[in-house]
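Raw start.txt, compact mmCIF, C-alpha atoms:
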```
# COMPACT_ATOMS: atom_id res chain seq x y z
CA MET A 1 -50.88 -5.70 -81.43
CA LYS A 2 -50.33 -2.60 -83.52
CA SER A 3 -48.40 -4.38 -86.24
CA ARG A 4 -50.87 -7.25 -86.24
CA LEU A 5 -53.62 -4.79 -86.94
CA PHE A 6 -51.55 -3.30 -89.70
CA VAL A 7 -50.90 -6.67 -91.32
CA THR A 8 -54.57 -7.64 -91.20
CA THR A 9 -55.59 -4.24 -92.53
CA SER A 10 -53.19 -4.59 -95.43
CA ILE A 11 -54.61 -8.02 -96.27
CA LEU A 12 -58.11 -6.56 -96.23
CA PHE A 13 -57.20 -3.81 -98.63
CA VAL A 14 -55.43 -6.15 -101.00
CA PHE A 15 -58.67 -8.11 -101.18
CA LEU A 16 -60.54 -4.89 -101.78
CA LEU A 17 -58.27 -4.02 -104.68
CA LEU A 18 -58.72 -7.46 -106.20
CA LEU A 19 -62.49 -7.25 -106.15
CA PRO A 20 -63.06 -5.18 -109.33
CA ALA A 21 -60.68 -7.45 -111.24
CA SER A 22 -62.75 -10.50 -110.49
CA THR A 23 -65.08 -11.28 -113.36
CA VAL A 24 -66.83 -14.16 -111.69
CA PHE A 25 -68.21 -12.65 -108.58
CA ALA A 26 -71.01 -13.99 -106.40
CA HIS A 27 -73.96 -15.72 -107.84
CA MET A 28 -77.26 -14.29 -107.01
CA MET A 29 -79.75 -15.72 -109.50
CA LEU A 30 -82.23 -13.48 -111.30
CA ILE A 31 -85.14 -13.90 -113.67
CA GLU A 32 -84.89 -11.17 -116.26
CA PRO A 33 -87.79 -10.34 -118.57
CA VAL A 34 -86.84 -10.56 -122.26
CA GLU A 35 -90.21 -9.99 -123.89
CA GLU A 36 -93.79 -10.88 -123.09
CA GLY A 37 -93.92 -14.58 -122.41
CA LYS A 38 -90.16 -14.98 -122.35
CA VAL A 39 -87.61 -14.64 -119.58
CA GLN A 40 -83.96 -15.46 -119.08
CA VAL A 41 -82.56 -16.95 -115.90
CA VAL A 42 -79.17 -15.44 -115.24
CA PHE A 43 -76.62 -15.03 -112.49
CA ASP A 44 -75.84 -11.49 -111.45
CA ASP A 45 -72.59 -11.55 -113.40
CA GLY A 46 -74.68 -11.93 -116.56
CA SER A 47 -73.95 -15.59 -117.26
CA PRO A 48 -77.07 -17.67 -117.96
CA ASN A 49 -78.18 -20.48 -115.71
CA ARG A 50 -78.67 -23.48 -118.00
CA HIS A 51 -80.15 -25.85 -115.46
CA ALA A 52 -83.00 -24.06 -113.76
CA GLU A 53 -86.57 -25.24 -113.72
CA VAL A 54 -89.14 -22.48 -113.97
CA VAL A 55 -92.65 -22.76 -112.59
CA VAL A 56 -95.35 -20.31 -113.69
CA PHE A 57 -98.14 -19.37 -111.29
CA ASP A 58 -101.42 -17.59 -111.93
CA GLU A 59 -103.27 -15.09 -109.75
CA ASP A 60 -104.51 -17.78 -107.35
CA GLU A 61 -101.05 -19.29 -107.03
CA ASN A 62 -102.04 -22.30 -109.08
CA GLU A 63 -99.30 -23.81 -111.18
CA MET A 64 -99.89 -22.96 -114.84
CA ALA A 65 -96.78 -24.29 -116.51
CA ARG A 66 -93.43 -25.79 -115.64
CA GLY A 67 -90.32 -26.43 -117.66
CA ASP A 68 -86.55 -26.28 -117.90
CA VAL A 69 -84.68 -23.34 -119.36
CA ASP A 70 -82.80 -23.85 -122.62
CA ARG A 71 -79.01 -23.81 -123.02
CA GLN A 72 -78.95 -20.00 -122.92
CA GLY A 73 -81.15 -19.79 -119.86
CA TYR A 74 -84.24 -18.72 -121.82
CA PHE A 75 -87.69 -19.89 -120.88
CA SER A 76 -90.94 -19.23 -122.73
CA TYR A 77 -94.31 -19.46 -121.05
CA PRO A 78 -97.94 -18.68 -121.84
CA ALA A 79 -98.13 -15.03 -120.92
CA GLU A 80 -101.87 -14.85 -120.42
CA GLY A 81 -102.79 -15.07 -116.77
CA ALA A 82 -99.22 -15.58 -115.60
CA VAL A 83 -98.50 -13.61 -112.46
CA MET A 84 -95.41 -15.04 -110.87
CA LEU A 85 -92.44 -17.11 -112.01
CA VAL A 86 -90.19 -19.06 -109.71
CA ALA A 87 -86.89 -20.48 -110.92
CA ASP A 88 -84.94 -23.08 -108.96
CA ASP A 89 -81.85 -24.91 -110.15
CA GLY A 90 -81.72 -27.34 -107.25
CA PHE A 91 -78.29 -26.09 -106.18
CA GLY A 92 -79.50 -23.62 -103.63
CA HIS A 93 -80.24 -20.89 -106.16
CA ARG A 94 -83.77 -19.63 -106.36
CA ALA A 95 -85.31 -16.56 -107.92
CA GLU A 96 -88.80 -15.12 -108.14
CA TYR A 97 -90.19 -12.74 -110.70
CA LEU A 98 -93.52 -10.91 -110.72
CA VAL A 99 -94.68 -10.53 -114.30
CA GLY A 100 -94.45 -6.92 -115.43
CA GLU A 101 -91.91 -5.97 -112.80
CA ASP A 102 -88.63 -4.44 -113.88
CA ALA A 103 -85.48 -6.41 -113.30
CA PRO A 104 -84.40 -5.95 -109.68
CA GLN A 105 -81.65 -3.47 -109.14
CA ALA A 106 -78.65 -4.87 -107.33
CA LEU A 107 -76.51 -2.59 -105.22
CA PRO A 108 -73.27 -1.47 -106.87
CA ARG A 109 -70.94 -4.18 -105.69
CA VAL A 110 -67.56 -2.58 -105.27
CA PRO A 111 -68.64 0.55 -103.34
CA THR A 112 -70.90 -1.55 -101.11
CA VAL A 113 -68.19 -4.07 -100.31
CA GLY A 114 -65.81 -1.18 -99.69
CA ALA A 115 -68.25 0.50 -97.31
CA VAL A 116 -68.80 -2.74 -95.40
CA LEU A 117 -65.07 -3.35 -95.06
CA ALA A 118 -64.57 0.22 -93.91
CA GLY A 119 -67.27 -0.38 -91.29
CA PHE A 120 -65.54 -3.50 -89.97
CA LEU A 121 -62.24 -1.65 -89.95
CA LEU A 122 -63.79 1.21 -87.99
CA ILE A 123 -65.19 -1.17 -85.36
CA ALA A 124 -61.81 -2.87 -85.10
CA GLY A 125 -60.08 0.49 -84.81
CA ILE A 126 -62.40 1.83 -82.11
CA PHE A 127 -62.00 -1.22 -79.89
CA HIS A 128 -58.28 -1.45 -80.55
CA TYR A 129 -57.99 2.16 -79.39
CA ARG A 130 -60.15 1.56 -76.31
CA VAL A 131 -58.16 -1.48 -75.26
CA ARG A 132 -54.86 0.34 -75.67
CA LYS A 133 -56.11 3.34 -73.75
CA ARG A 134 -57.21 1.10 -70.89
CA MET A 135 -53.85 -0.62 -70.81
CA MET A 136 -51.95 2.68 -70.46
CA MET B 1 -72.62 -22.97 -101.23
CA HIS B 2 -75.07 -20.45 -99.85
CA ILE B 3 -78.62 -21.72 -99.78
CA ALA B 4 -81.16 -19.19 -101.06
CA ASP B 5 -84.53 -18.38 -99.51
CA GLY B 6 -87.24 -20.90 -100.24
CA VAL B 7 -84.98 -23.86 -100.97
CA LEU B 8 -85.09 -25.47 -97.54
CA SER B 9 -88.26 -26.82 -95.98
CA THR B 10 -89.66 -24.80 -93.08
CA SER B 11 -88.76 -27.38 -90.45
CA VAL B 12 -85.14 -27.55 -91.61
CA ALA B 13 -84.93 -23.75 -91.72
CA VAL B 14 -86.38 -23.38 -88.22
CA GLY B 15 -84.22 -26.15 -86.77
CA THR B 16 -80.97 -24.80 -88.18
CA SER B 17 -81.86 -21.28 -87.05
CA ALA B 18 -82.34 -22.52 -83.49
CA VAL B 19 -78.99 -24.31 -83.47
CA THR B 20 -77.30 -21.24 -84.92
CA ALA B 21 -78.85 -19.03 -82.24
CA ALA B 22 -77.35 -21.32 -79.60
CA ALA B 23 -73.96 -21.23 -81.37
CA LEU B 24 -74.08 -17.43 -81.39
CA VAL B 25 -74.79 -17.28 -77.66
CA TYR B 26 -71.79 -19.58 -77.16
CA ALA B 27 -69.64 -17.37 -79.43
CA ILE B 28 -70.54 -14.11 -77.72
CA LYS B 29 -70.41 -15.39 -74.14
CA GLY B 30 -67.36 -14.16 -72.29
CA MET B 31 -66.08 -12.14 -75.25
CA LYS B 32 -63.46 -9.65 -74.20
CA GLU B 33 -62.99 -6.23 -75.72
CA GLU B 34 -59.52 -7.27 -76.87
CA GLU B 35 -61.05 -9.87 -79.15
CA ILE B 36 -63.37 -7.50 -80.98
CA PRO B 37 -60.84 -5.99 -83.45
CA LYS B 38 -59.69 -9.40 -84.65
CA THR B 39 -63.23 -10.75 -84.93
CA SER B 40 -64.38 -7.66 -86.80
CA LEU B 41 -61.52 -7.80 -89.30
CA MET B 42 -61.96 -11.53 -89.92
CA ALA B 43 -65.68 -10.97 -90.47
CA GLY B 44 -64.74 -8.42 -93.13
CA VAL B 45 -62.29 -10.78 -94.82
CA PHE B 46 -64.86 -13.57 -94.78
CA PHE B 47 -67.55 -11.26 -96.18
CA ALA B 48 -65.32 -10.23 -99.08
CA VAL B 49 -63.77 -13.58 -100.06
CA SER B 50 -66.95 -15.61 -99.91
CA LEU B 51 -68.55 -13.20 -102.40
CA ILE B 52 -66.08 -14.36 -105.05
CA SER B 53 -67.50 -17.27 -106.97
CA ILE B 54 -65.98 -19.73 -109.36
CA PRO B 55 -68.27 -21.56 -111.80
CA VAL B 56 -67.80 -25.34 -111.66
CA GLY B 57 -70.11 -27.34 -113.87
CA PRO B 58 -73.68 -26.23 -113.43
CA SER B 59 -73.11 -24.65 -110.04
CA THR B 60 -70.71 -22.16 -108.58
CA ILE B 61 -68.38 -22.58 -105.66
CA HIS B 62 -66.76 -19.91 -103.59
CA PRO B 63 -64.02 -19.84 -101.00
CA VAL B 64 -65.21 -19.96 -97.40
CA PHE B 65 -62.07 -20.39 -95.28
CA ALA B 66 -64.02 -21.79 -92.36
CA GLY B 67 -60.86 -23.56 -91.18
CA LEU B 68 -58.79 -20.40 -91.13
CA LEU B 69 -61.57 -18.48 -89.35
CA GLY B 70 -61.85 -21.23 -86.78
CA VAL B 71 -58.12 -21.38 -86.03
CA ILE B 72 -57.74 -17.62 -85.74
CA LEU B 73 -61.00 -16.75 -83.97
CA GLY B 74 -61.65 -19.91 -81.99
CA ARG B 75 -65.06 -19.89 -80.39
CA ARG B 76 -65.78 -16.39 -81.77
CA ALA B 77 -65.82 -17.76 -85.33
CA PRO B 78 -69.62 -18.33 -85.50
CA LEU B 79 -70.15 -14.64 -84.73
CA ALA B 80 -67.90 -13.48 -87.59
CA ILE B 81 -69.54 -15.96 -89.97
CA PHE B 82 -73.03 -14.88 -88.95
CA VAL B 83 -72.32 -11.17 -89.38
CA GLY B 84 -70.64 -11.75 -92.76
CA LEU B 85 -73.51 -13.86 -94.05
CA LEU B 86 -76.14 -11.47 -92.69
CA LEU B 87 -74.58 -8.59 -94.63
CA GLN B 88 -74.31 -10.70 -97.78
CA ALA B 89 -77.97 -11.67 -97.51
CA VAL B 90 -79.19 -8.14 -96.84
CA LEU B 91 -76.97 -6.28 -99.32
CA PHE B 92 -76.61 -8.75 -102.18
CA GLN B 93 -79.41 -11.30 -101.66
CA HIS B 94 -76.58 -13.81 -101.52
CA GLY B 95 -78.08 -16.58 -99.43
CA GLY B 96 -81.20 -15.44 -97.64
CA LEU B 97 -82.61 -14.45 -94.28
CA THR B 98 -84.64 -17.63 -93.69
CA THR B 99 -81.61 -19.75 -94.58
CA LEU B 100 -79.17 -17.63 -92.60
CA GLY B 101 -79.24 -20.18 -89.81
CA ALA B 102 -78.47 -23.08 -92.13
CA ASN B 103 -75.71 -21.19 -93.94
CA THR B 104 -74.10 -20.08 -90.68
CA LEU B 105 -74.27 -23.58 -89.26
CA MET B 106 -72.66 -25.11 -92.37
CA LEU B 107 -69.55 -23.01 -91.74
CA ALA B 108 -69.60 -22.62 -87.95
CA VAL B 109 -69.42 -26.37 -87.34
CA PRO B 110 -66.24 -26.90 -89.43
CA ALA B 111 -64.75 -23.68 -88.00
CA LEU B 112 -65.15 -24.84 -84.39
CA LEU B 113 -63.94 -28.32 -85.28
CA SER B 114 -60.87 -26.85 -86.98
CA TYR B 115 -60.15 -24.87 -83.85
CA GLY B 116 -60.16 -27.99 -81.72
CA LEU B 117 -58.21 -30.10 -84.21
CA PHE B 118 -55.57 -27.51 -85.00
CA TYR B 119 -54.63 -26.94 -81.37
CA GLY B 120 -55.06 -30.60 -80.58
CA MET B 121 -52.32 -31.79 -82.98
CA VAL B 122 -49.43 -29.91 -81.46
CA LYS B 123 -46.72 -32.23 -82.69
CA ARG B 124 -47.23 -31.72 -86.41
CA GLN B 125 -45.99 -28.81 -88.51
CA VAL B 126 -48.19 -25.74 -88.67
CA PHE B 127 -48.53 -25.97 -92.45
CA LEU B 128 -49.71 -29.57 -92.29
CA ARG B 129 -52.16 -28.86 -89.50
CA GLY B 130 -53.49 -25.80 -91.32
CA ALA B 131 -53.82 -27.63 -94.62
CA PHE B 132 -55.59 -30.50 -92.88
CA VAL B 133 -58.21 -28.35 -91.17
CA GLY B 134 -58.58 -26.11 -94.24
CA GLY B 135 -59.38 -29.00 -96.56
CA LEU B 136 -61.45 -30.84 -94.01
CA SER B 137 -63.59 -27.75 -93.34
CA VAL B 138 -64.69 -27.56 -96.96
CA MET B 139 -65.65 -31.21 -96.96
CA ILE B 140 -67.58 -30.90 -93.68
CA ALA B 141 -69.43 -27.86 -95.01
CA VAL B 142 -70.38 -29.80 -98.16
CA VAL B 143 -71.50 -32.81 -96.13
CA LEU B 144 -73.70 -30.54 -94.01
CA LEU B 145 -75.09 -28.86 -97.12
CA VAL B 146 -75.88 -32.27 -98.61
CA ALA B 147 -77.52 -33.38 -95.37
CA LEU B 148 -79.73 -30.29 -95.26
CA LEU B 149 -80.76 -30.69 -98.90
CA LEU B 150 -81.57 -34.37 -98.34
CA LEU B 151 -83.60 -33.54 -95.23
CA THR B 152 -85.58 -31.08 -97.33
CA ASP B 153 -86.10 -33.32 -100.35
CA PRO B 154 -84.62 -36.79 -100.93
CA ARG B 155 -84.87 -36.23 -104.68
CA PHE B 156 -81.67 -34.18 -104.54
CA GLY B 157 -79.76 -37.46 -104.20
CA GLU B 158 -81.22 -39.34 -107.16
CA GLY B 159 -79.13 -40.43 -110.13
CA THR B 160 -75.41 -40.50 -110.77
CA LEU B 161 -75.49 -36.89 -111.97
CA SER B 162 -77.55 -35.84 -108.99
CA VAL B 163 -77.21 -32.44 -107.40
CA ILE B 164 -75.35 -34.03 -104.53
CA ASN B 165 -72.74 -35.80 -106.63
CA ILE B 166 -72.08 -32.62 -108.58
CA LEU B 167 -71.76 -30.59 -105.39
CA VAL B 168 -69.28 -33.04 -103.89
CA MET B 169 -67.15 -33.28 -107.06
CA GLY B 170 -67.23 -29.51 -107.56
CA HIS B 171 -65.89 -28.85 -104.09
CA LEU B 172 -62.91 -31.19 -104.30
CA PRO B 173 -60.71 -28.60 -106.05
CA LEU B 174 -61.88 -25.99 -103.55
CA ALA B 175 -60.88 -28.26 -100.67
CA VAL B 176 -57.39 -28.62 -102.14
CA MET B 177 -57.10 -24.87 -102.71
CA GLU B 178 -58.30 -23.98 -99.23
CA ALA B 179 -55.99 -26.57 -97.69
CA LEU B 180 -52.99 -24.91 -99.38
CA VAL B 181 -54.09 -21.36 -98.56
CA THR B 182 -55.00 -22.14 -94.94
CA GLY B 183 -51.73 -24.00 -94.39
CA SER B 184 -49.65 -21.20 -95.91
CA ALA B 185 -51.55 -18.45 -94.11
CA LEU B 186 -51.15 -20.12 -90.71
CA LYS B 187 -47.47 -20.80 -91.36
CA LEU B 188 -47.02 -17.14 -92.23
CA ILE B 189 -48.88 -16.07 -89.10
CA GLN B 190 -46.77 -18.42 -86.99
CA LYS B 191 -43.61 -16.82 -88.38
CA ALA B 192 -44.71 -13.20 -88.32
CA LYS B 193 -47.10 -13.10 -85.38
CA PRO B 194 -46.80 -16.31 -83.36
CA GLU B 195 -48.69 -14.79 -80.41
CA MET B 196 -51.80 -14.67 -82.57
CA LEU B 197 -51.89 -18.47 -82.44
CA ILE B 198 -50.59 -18.92 -78.92
CA ASN B 199 -53.18 -16.45 -77.61
CA GLN B 200 -55.84 -18.70 -79.02
CA GLY B 201 -54.33 -21.69 -77.33
CA THR B 202 -54.36 -20.03 -73.94
CA ALA B 203 -57.84 -18.66 -74.57
CA LEU B 204 -59.01 -22.22 -74.99
CA SER B 205 -57.62 -23.43 -71.71
CA GLY B 206 -58.67 -20.22 -69.99
CA SER B 207 -62.28 -20.27 -71.10
CA SER B 208 -63.10 -23.94 -70.82
```
Structure re-expressed in structure tokens:
Amino acid sequence: MKSRLFVTTSILFVFLLLLPASTVFAHMMLIEPVEEGKVQVVFDDGSPNRHAEVVVFDEDENEMARGDVDRQGYFSYPAEGAVMLVADDGFGHRAEYLVGEDAPQALPRVPTVGAVLAGFLLIAGIFHYRVRKRMM
Amino acid sequence: MHIADGVLSTSVAVGTSAVTAAALVYAIKGMKEEEIPKTSLMAGVFFAVSLISIPVGPSTIHPVFAGLLGVILGRRAPLAIFVGLLLQAVLFQHGGLTTLGANTLMLAVPALLSYGLFYGMVKRQVFLRGAFVGGLSVMIAVVLLVALLLLTDPRFGEGTLSVINILVMGHLPLAVMEALVTGSALKLIQKAKPEMLINQGTALSGSS
């Protein structure tokens, strides 16, 4: 049991070490404002989404405009009256953007993943210890 | 492969959440303290590896290892998958809370199937069995994803370059990769820690 835990722990930490090296990493989709009337649909690694359709809504949630992004993920829309943009690429990625809002801040990935893994490890450790204590 | 908030129709989201809730009850029922460390560590591994994504065509794919999770955790696999996905949704908006049920289900079904299949084919080599369930899991997950998308909107299936065709083609290399990794990992476990697999086998007969 002890060595099994050690092996699994080692595997976990190898993964952890590999994480910063990975350039393509998760794919949350974002709508980032470029200038008034222009946004770019990107994944959180910075690469543009070239296939999304963006729908523009006004104050009353009526559809104002609709269109596909260009090859760099850019999309221009009539800025006047636009309140919310929704991008959907039909592959399960969807993003919303309220006009005037700053780009959403994502959590720093590596420390967060590290903290989560440490949490799982702690839970595993506590119960491993409890079970061993009970067996003695 | 994660479905984001707002993509699925409400009825599909509610239905899949209900099924997932039932799967979680099944996964937690009768769980012994001895099983918690393993489940917790596998949840961590799943959380980390399924955050890695590989762009294929217009979409991205990422490893899931539902087969490996299923073989190692058995009926506890849905719990590890749920916890991993929940954290991804909350921390990284990867997937979403309303689609958590659908995303969990897509992986829990192949994981449980892998568990049954792997221990059902005793006569074959571990590598072959592992590779089989590893590859099959990816395909089952994709089929479920396709089914959920079609239930939401039949337009996803239109045209030769439809979303569905691209998803299926994009996951073929992933299925091959996961088959190799799952097979190798289970072979390694069998050599280094055979009781990890045998325990699961006895757990099956003991709990059912």
Residue list for chain B near chain A as an NGL selection string, 6 Å, only C-alpha atoms: :B and (3-4 or 37 or 40-41 or 44 or 51-53 or 94)
request  = Mind giving me the straight-line distance from CA of Ala115 (chain A) to CA of Gly84 (chain B) in Å, one decimal?
outcome  =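 Between CA of Ala115 (chain A) and CA of Gly84 (chain B) the gap is 13.3 Å.
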| Hey, what's within 7 Å of Leu186 (chain B) if we count all atoms listed in the file and toss same-chain stuff fewer than 6 positions away? As an MDAnalysis selection string, please? | chainID B and resid 126:127 130
As a check of understanding: the span from CA of Ala179 (chain B) to CA of Leu112 (chain B) is 16.2 Å
Assuming 4 Å of padding per side, give the centre and edge lengths of the axis-aligned box around every listed atom of region 6-25 of chain B, in Å to one decimal and as lines of an AutoDock Vina configuration file.
```
center_x = -81.8
center_y = -22.4
center_z = -89.3
size_x = 23.7
size_y = 18.3
size_z = 31.3
```
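Proximity ranking of A:Leu30, A:Leu98, A:Val110, A:Met136 relative to Ala48 (chain B) places A:Val110 first, based on all atoms listed in the file.
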Discussion item. Please list as an NGL selection string every residue within 9 Å of Ile140 (chain B), counting only C-alpha atoms and excluding residues in the same chain fewer than 5 positions away.
Written reply: :B and (106-107 or 109-110 or 135 or 145)
Residues from last step as file, C-alpha atoms, as a short mmCIF file (atom, residue, chain, number, x, y, z; two decimals), in the coordinates of the input:
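Wrote part-v8.cif, looks like this:
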```cif
data_model
loop_
_atom_site.label_atom_id
_atom_site.label_comp_id
_atom_site.auth_asym_id
_atom_site.auth_seq_id
_atom_site.Cartn_x
_atom_site.Cartn_y
_atom_site.Cartn_z
CA MET B 106 -72.66 -25.11 -92.37
CA LEU B 107 -69.55 -23.01 -91.74
CA VAL B 109 -69.42 -26.37 -87.34
CA PRO B 110 -66.24 -26.90 -89.43
CA GLY B 135 -59.38 -29.00 -96.56
CA LEU B 145 -75.09 -28.86 -97.12
#
```
Since the input has fewer atoms than a full residue there, write region 57-86 of chain A out with N, CA and C atoms, as a CSV table (one decimal), in the coordinates of the input.
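Produced file rebuild.csv, reproduced below:
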```
chain,number,residue,atom,x,y,z
A,57,PHE,N,-96.9,-19.4,-112.1
A,57,PHE,CA,-98.1,-19.4,-111.3
A,57,PHE,C,-99.1,-18.3,-111.8
A,58,ASP,N,-100.4,-18.6,-111.6
A,58,ASP,CA,-101.4,-17.6,-111.9
A,58,ASP,C,-101.8,-16.8,-110.7
A,59,GLU,N,-102.8,-16.0,-110.8
A,59,GLU,CA,-103.3,-15.1,-109.8
A,59,GLU,C,-103.5,-15.8,-108.4
A,60,ASP,N,-104.1,-17.0,-108.6
A,60,ASP,CA,-104.5,-17.8,-107.4
A,60,ASP,C,-103.4,-18.7,-106.9
A,61,GLU,N,-102.2,-18.5,-107.4
A,61,GLU,CA,-101.0,-19.3,-107.0
A,61,GLU,C,-101.2,-20.7,-107.5
A,62,ASN,N,-102.0,-21.0,-108.5
A,62,ASN,CA,-102.0,-22.3,-109.1
A,62,ASN,C,-100.9,-22.4,-110.1
A,63,GLU,N,-100.4,-23.6,-110.2
A,63,GLU,CA,-99.3,-23.8,-111.2
A,63,GLU,C,-99.9,-23.9,-112.6
A,64,MET,N,-99.4,-23.0,-113.5
A,64,MET,CA,-99.9,-23.0,-114.8
A,64,MET,C,-99.0,-23.8,-115.8
A,65,ALA,N,-97.7,-23.6,-115.6
A,65,ALA,CA,-96.8,-24.3,-116.5
A,65,ALA,C,-95.5,-24.5,-115.8
A,66,ARG,N,-94.7,-25.4,-116.3
A,66,ARG,CA,-93.4,-25.8,-115.6
A,66,ARG,C,-92.5,-26.3,-116.7
A,67,GLY,N,-91.2,-25.9,-116.6
A,67,GLY,CA,-90.3,-26.4,-117.7
A,67,GLY,C,-88.9,-26.0,-117.4
A,68,ASP,N,-88.0,-26.6,-118.1
A,68,ASP,CA,-86.6,-26.3,-117.9
A,68,ASP,C,-86.2,-25.2,-118.9
A,69,VAL,N,-85.2,-24.4,-118.5
A,69,VAL,CA,-84.7,-23.3,-119.4
A,69,VAL,C,-83.8,-24.0,-120.5
A,70,ASP,N,-83.6,-23.3,-121.6
A,70,ASP,CA,-82.8,-23.8,-122.6
A,70,ASP,C,-81.3,-23.6,-122.3
A,71,ARG,N,-80.5,-23.9,-123.3
A,71,ARG,CA,-79.0,-23.8,-123.0
A,71,ARG,C,-78.5,-22.4,-122.8
A,72,GLN,N,-79.3,-21.4,-123.2
A,72,GLN,CA,-79.0,-20.0,-122.9
A,72,GLN,C,-79.7,-19.4,-121.7
A,73,GLY,N,-80.4,-20.3,-121.0
A,73,GLY,CA,-81.2,-19.8,-119.9
A,73,GLY,C,-82.5,-19.2,-120.2
A,74,TYR,N,-82.9,-19.3,-121.5
A,74,TYR,CA,-84.2,-18.7,-121.8
A,74,TYR,C,-85.4,-19.7,-121.5
A,75,PHE,N,-86.5,-19.1,-121.2
A,75,PHE,CA,-87.7,-19.9,-120.9
A,75,PHE,C,-88.9,-19.1,-121.4
A,76,SER,N,-89.7,-19.8,-122.2
A,76,SER,CA,-90.9,-19.2,-122.7
A,76,SER,C,-92.1,-19.8,-122.0
A,77,TYR,N,-93.1,-19.0,-121.8
A,77,TYR,CA,-94.3,-19.5,-121.0
A,77,TYR,C,-95.5,-18.8,-121.6
A,78,PRO,N,-96.7,-19.3,-121.4
A,78,PRO,CA,-97.9,-18.7,-121.8
A,78,PRO,C,-98.2,-17.4,-121.0
A,79,ALA,N,-98.1,-16.3,-121.7
A,79,ALA,CA,-98.1,-15.0,-120.9
A,79,ALA,C,-99.5,-14.7,-120.3
A,80,GLU,N,-100.5,-15.2,-120.9
A,80,GLU,CA,-101.9,-14.8,-120.4
A,80,GLU,C,-102.2,-15.5,-119.0
A,81,GLY,N,-102.4,-14.6,-118.1
A,81,GLY,CA,-102.8,-15.1,-116.8
A,81,GLY,C,-101.6,-15.3,-115.9
A,82,ALA,N,-100.4,-15.3,-116.4
A,82,ALA,CA,-99.2,-15.6,-115.6
A,82,ALA,C,-98.9,-14.4,-114.7
A,83,VAL,N,-98.7,-14.7,-113.4
A,83,VAL,CA,-98.5,-13.6,-112.5
A,83,VAL,C,-97.1,-13.7,-111.8
A,84,MET,N,-96.7,-14.9,-111.5
A,84,MET,CA,-95.4,-15.0,-110.9
A,84,MET,C,-94.6,-16.2,-111.4
A,85,LEU,N,-93.3,-16.0,-111.6
A,85,LEU,CA,-92.4,-17.1,-112.0
A,85,LEU,C,-91.4,-17.4,-110.9
A,86,VAL,N,-91.2,-18.7,-110.7
A,86,VAL,CA,-90.2,-19.1,-109.7
A,86,VAL,C,-89.2,-20.0,-110.4
```
